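First the structure, in the form of structure tokens, and then the observations on it.
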Amino acid sequence: MAETVKLFVNGQEVEVESGKNLIDAFKVIGIEIPHFCYHPALGADGNCRMCLVGIEDGRPPLVPACKTPVSAGLKVQLDTEKIKKIQHDVMELELINHPTDCPVCDQAGECTLQDYYMSYDHQASRMRVPQVLKGKKMEFGCGVIHDQERCVLCARCVRFTRLITKTGELGIVNRSDEARVTTFPGRQLDNRYALNVVDLCPVGAMTSKDFRFKQRAWFLTRSPGICHGCAKGCNIFIDHNREKGGDDRIYRFRPRHNQLVNGYFICDAGRLSYHQENEGRLSVTRLDGKDCTIDQAVETARRKVENARKPLFLVSPNCTIEQMIAIKALAATRKGRLSGYSDSYIIKGDGDDFLIRDDKSANRTGLSALGIDTSLEAFTQALNEADLLVNFNNDLQRSEANGAFAERLSALNVIAVSSHDNSLTRKATVAFPVSSYSEYGGTIINQDQIVQRFSAAVVKNDPAPNLIEVVRLLGGTMTDEAAISKAMQEAIPVLAGIEASAFPTAGLNLKEKETDHVTA
């Protein structure tokens with residue numbers, strides 16, 4: 001447990017974690033210190049002056065909270081008239097040339113400037129001269145649109161490109177009311193994390209071309225989730241909305257802080273992968289390429305599974321641990337071969353030393369934890385010997401592009417259980433639509449051995465069944481939650497001492513000792 005110190009805030013004694021600055025320490029205990037330029041991932045800059053606080057008997061008596069560490073006995077003043085005047089004056093300075101375009105601004109409803117105006121200013125403007133005009137709708141590259149008139153010059157975006165991506169495309173030029181953020185001449189944003197500057201911007205100066213004017217923030221439901229774009233398993237917010245007369249639809253992914261996994265950021269590819277949750281979905285059950293009822297598909301598929309002499313069950317590396325356990329039990333019941341072959345999900349050399357991984361699947365480590373073979377040799381042999389392939393959401397078309405299995409698959413009976421429509425579902429004897437990861441919950445293990453759990457976010461008007469339900473319809477014997485949970489705890493002993501309700505939000509590190517996670 002972290003060490004703590006006692007200090008005073010507005011005359012009241014509080015206990016906070018040592019080693020933190022005043023902003024972070026006070027936030028934990030529910031005390032807000034307003035700030036624009038400070039961000040935990042970027043460090044203290046001290047340029048906005050919004051976080052100035054008083055120190056009783058201090059030298060100096062005014063200090064920026066972002067640069068002031070907590071210390072025992074410190075007497076911090078947040079509610080004096082002097083501090084309130086500073087906050088009002090800083091807000092007035094920020095708003096002097098700020099356009100009054102909140103009704104058309106994407107940031108409206110989640111804008112720090114709006115919130116601070118209501119909390120710390122709330123005064124009529126004294127401006128009687130024309131505002132300074134700057135650039136509008138400037139394309140910075142990588143889908144980032146910049147409005148210089150809205151910018152409060154916090155420099156978060158500039159520091160991000162210098163400290164995090166180390167690409168340095170952005171800078172602040174000129175001085176006084178002519179100062180503005182811009183790109184270097186002839187050079188736009190060009191890195192795989194550029195859209196994080198939209199999240200970092202406390203106002204509406206940086207907006208996403210992809211999300212721009214699509215939805216109002218207050219209409220969106222923000223659900224926690226985990227990105228399935230690669231083996232890092234970054235934590236995200238899934239922002240979705242069901243418009244009147246429409247279906248529940250995802251409008252954006254945003255990073256969700258998890259210091260154990262992704263910190264405060266996500267890559268642009270993962271951020272934009274929400275499009276795949278909305279588009280290209282398999283929405284109807286098919287029999288021999290034609291739409292059919294679920295009962296017709298189940299009857300045909302179950303008969304083929306029961307009559308198959310050498311069935312092959314192929315599982316996706318994106319399936320949850322729970323889904324893998326159910327499929328593994330089905331394969332054992334039907335005396336079939338089980339494979340997790342998915343080498344085509346790996347793009348060698350595509351990863352970096354930050355968040356992007358070569359492996360574009362979310363739970364390959366789960367295959368290993370359950371002892372499911374993933375080798376090409378074993379899969380090829382099993383495929384050549386099989387008289388039936390039951391594919392559980394494994395995107396084999398990645399391999400089919402190279403013609404690796406196309407000939408064999410064309411001559412084989414295939415049952416495709418898939419969330420998305422692809423060449424294999426169109427060729428399959430039977431095709432079952434199932435929910436995708438934004439629509440169900442489960443457990444996955446990322447490449448760094450972090451066990452994470454997530455819950456369903458999106459609820460469709462006509463929801464597709466969970467993959468485990470299709471396993472049950474095909475004759476699976478381990479499909480109830482209690483049995484799957486017991487099997488999962490046997491496969492991953494670290495989970496045995498933890499109730500589902502007490503599972504850590506940040507996840508569990510399998511590299512740590514198991515006893516570290518067992519509650520007394």
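Every chain in the structure tokens has a letter given in the order shown (A, B, ...), and although residue numbers restart at 1 in each chain, ligands are simply numbered from 1 in the order shown.
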
Near-Ser316 (chain A) list (7 Å; only C-alpha atoms; drop same-chain fewer than 2 positions) as a list in words: Leu314, Asn318, Cys319, Gly340, Phe392, Asn393 and Asn394 of chain A

For region 95-106 of chain A: contacts at 10 Å, only C-alpha atoms, fewer than 5 positions along chain excluded, given as a ChimeraX atom specification: /A:89-90,111,113-114,117,125-127,129-134,148-152,177,203-208,211-217

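Proximity to Val144 (chain A) was assessed for A:Phe160, A:Tyr341, A:Tyr193, A:Tyr38 counting only C-alpha atoms; the smallest distance is recorded for A:Tyr193.
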
Contacts of Leu62 (chain A) at 12 Å (only C-alpha atoms; same-chain gap of 4+ positions) as a VMD selection string: chain A and resid 49 to 58 67 to 68 75 to 78 80 82 to 83 86

With C-alpha atoms retained, could you export that selection as a tab-separated table (two decimals), in the first residue's frame?
```
chain	number	residue	atom	x	y	z
A	49	ARG	CA	-1.89	29.23	-14.59
A	50	MET	CA	-5.38	27.90	-13.93
A	51	CYS	CA	-4.14	25.59	-11.19
A	52	LEU	CA	-2.53	28.28	-9.01
A	53	VAL	CA	-3.27	27.64	-5.33
A	54	GLY	CA	-2.39	29.45	-2.15
A	55	ILE	CA	0.06	28.10	0.42
A	56	GLU	CA	-0.51	29.51	3.89
A	57	ASP	CA	2.75	30.92	5.29
A	58	GLY	CA	4.42	29.73	2.10
A	67	LYS	CA	4.30	21.30	-10.03
A	68	THR	CA	3.83	21.17	-6.27
A	75	LYS	CA	-1.66	24.20	4.22
A	76	VAL	CA	-3.32	24.59	0.83
A	77	GLN	CA	-5.87	27.29	0.12
A	78	LEU	CA	-8.37	26.76	-2.67
A	80	THR	CA	-9.86	32.34	-0.81
A	82	LYS	CA	-7.52	35.81	-4.12
A	83	ILE	CA	-7.57	32.32	-5.64
A	86	ILE	CA	-7.03	34.35	-10.26
```

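For the residues A:Pro465, A:Gly245, A:Gly233, A:Pro60, ranking by smallest atom-to-atom distance to Asp359 (chain A) using only C-alpha atoms places A:Gly233 first.
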
All alpha helix (DSSP H) residues (DSSP, backbone) inside region 271-513 of chain A, as a PyMOL selection string: chain A and resi 271-272+274-278+294-307+321-333+364-369+376-385+397-400+406-410+423-427+467-473+481-491

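Of the listed residues A:Ala179, A:Met118, A:Cys142, A:Ile266, the one whose atoms come nearest to Ile226 (chain A) is A:Ile266, with distances taken using only C-alpha atoms.
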
Contacts of Pro504 (chain A) at 9 Å (only C-alpha atoms; same-chain gap of 4+ positions) as a list in words: Gln452, Arg453 and Leu508 of chain A

Convert the current residue selection to file output with C-alpha atoms, as a short mmCIF file (atom, residue, chain, number, x, y, z; two decimals), in the first residue's frame.
```
data_model
loop_
_atom_site.label_atom_id
_atom_site.label_comp_id
_atom_site.auth_asym_id
_atom_site.auth_seq_id
_atom_site.Cartn_x
_atom_site.Cartn_y
_atom_site.Cartn_z
CA GLN A 452 -8.92 -8.85 -18.39
CA ARG A 453 -12.69 -9.07 -18.26
CA LEU A 508 -4.58 -9.51 -13.25
#
```

Coordinates-based distance that separates CA of Leu510 (chain A) from CA of Glu3 (chain A) (Å, one decimal):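 Distance reported for this atom pair: 25.6 Å.
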
Test item: residues at most 12 Å from Gly289 (chain A), only C-alpha atoms, excluding those fewer than 3 positions along its chain, as a PyMOL selection string: chain A and resi 284-286+292+297+414-416+421-432

Selected residue of minimal separation from Asn196 (chain A) among A:Glu499, A:Asp239, A:Asp268, A:Glu169, counting only C-alpha atoms: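 Checking each candidate against Asn196 (chain A), we get A:Asp268 as the closest.
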
Residues within 12 Å of Val70 (chain A), only C-alpha atoms, excluding chain neighbours under 2 positions, as an MDAnalysis selection string: chainID A and resid 3:9 14:26 55 65:68 72:76

Those of region 7-144 of chain A in DSSP strand (DSSP E or B), formatted as JSON, numbers by chain: {"A": [7, 8, 9, 12, 13, 14, 15, 16, 17, 21, 39, 43, 52, 53, 54, 55, 62, 63, 64, 69, 75, 76, 77, 138, 139, 140, 141, 144]}

Could those residues be written to a file, using C-alpha atoms, as a compact mmCIF listing (two decimals), in the first residue's frame?
```
# COMPACT_ATOMS: atom_id res chain seq x y z
CA LEU A 7 -1.99 18.03 5.08
CA PHE A 8 -4.64 20.72 5.20
CA VAL A 9 -7.04 21.93 2.50
CA GLN A 12 -9.51 20.78 6.92
CA GLU A 13 -7.03 17.94 7.50
CA VAL A 14 -6.91 15.32 4.73
CA GLU A 15 -4.77 12.28 4.05
CA VAL A 16 -3.40 11.76 0.56
CA GLU A 17 -0.91 9.54 -1.22
CA ASN A 21 1.40 16.49 -7.10
CA HIS A 39 -1.96 15.81 -17.94
CA GLY A 43 3.77 15.91 -16.91
CA LEU A 52 -2.53 28.28 -9.01
CA VAL A 53 -3.27 27.64 -5.33
CA GLY A 54 -2.39 29.45 -2.15
CA ILE A 55 0.06 28.10 0.42
CA LEU A 62 1.11 31.14 -4.82
CA VAL A 63 2.22 27.95 -6.57
CA PRO A 64 1.04 25.93 -9.58
CA PRO A 69 4.29 17.79 -4.57
CA LYS A 75 -1.66 24.20 4.22
CA VAL A 76 -3.32 24.59 0.83
CA GLN A 77 -5.87 27.29 0.12
CA MET A 138 -7.31 23.22 -40.70
CA GLU A 139 -6.48 19.67 -41.76
CA PHE A 140 -3.46 18.59 -39.73
CA GLY A 141 -3.32 15.09 -41.21
CA VAL A 144 -7.24 15.59 -37.19
```

Of the listed residues A:Gln489, A:Ser438, A:Val458, A:Val305, that which approaches Val390 (chain A) most closely, counting only C-alpha atoms: A:Val305

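Between CA of Asp210 (chain A) and CA of His275 (chain A) lies a distance of 10.3 Å.
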
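For the pair CA of Gly270 (chain A) and CA of Thr374 (chain A), the interatomic distance is 24.6 Å.
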
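Among the candidates A:Asn278, A:Ser419, A:Ser410, A:Thr479, the residue lying nearest to Met324 (chain A) is A:Thr479 (atoms considered: only C-alpha atoms).
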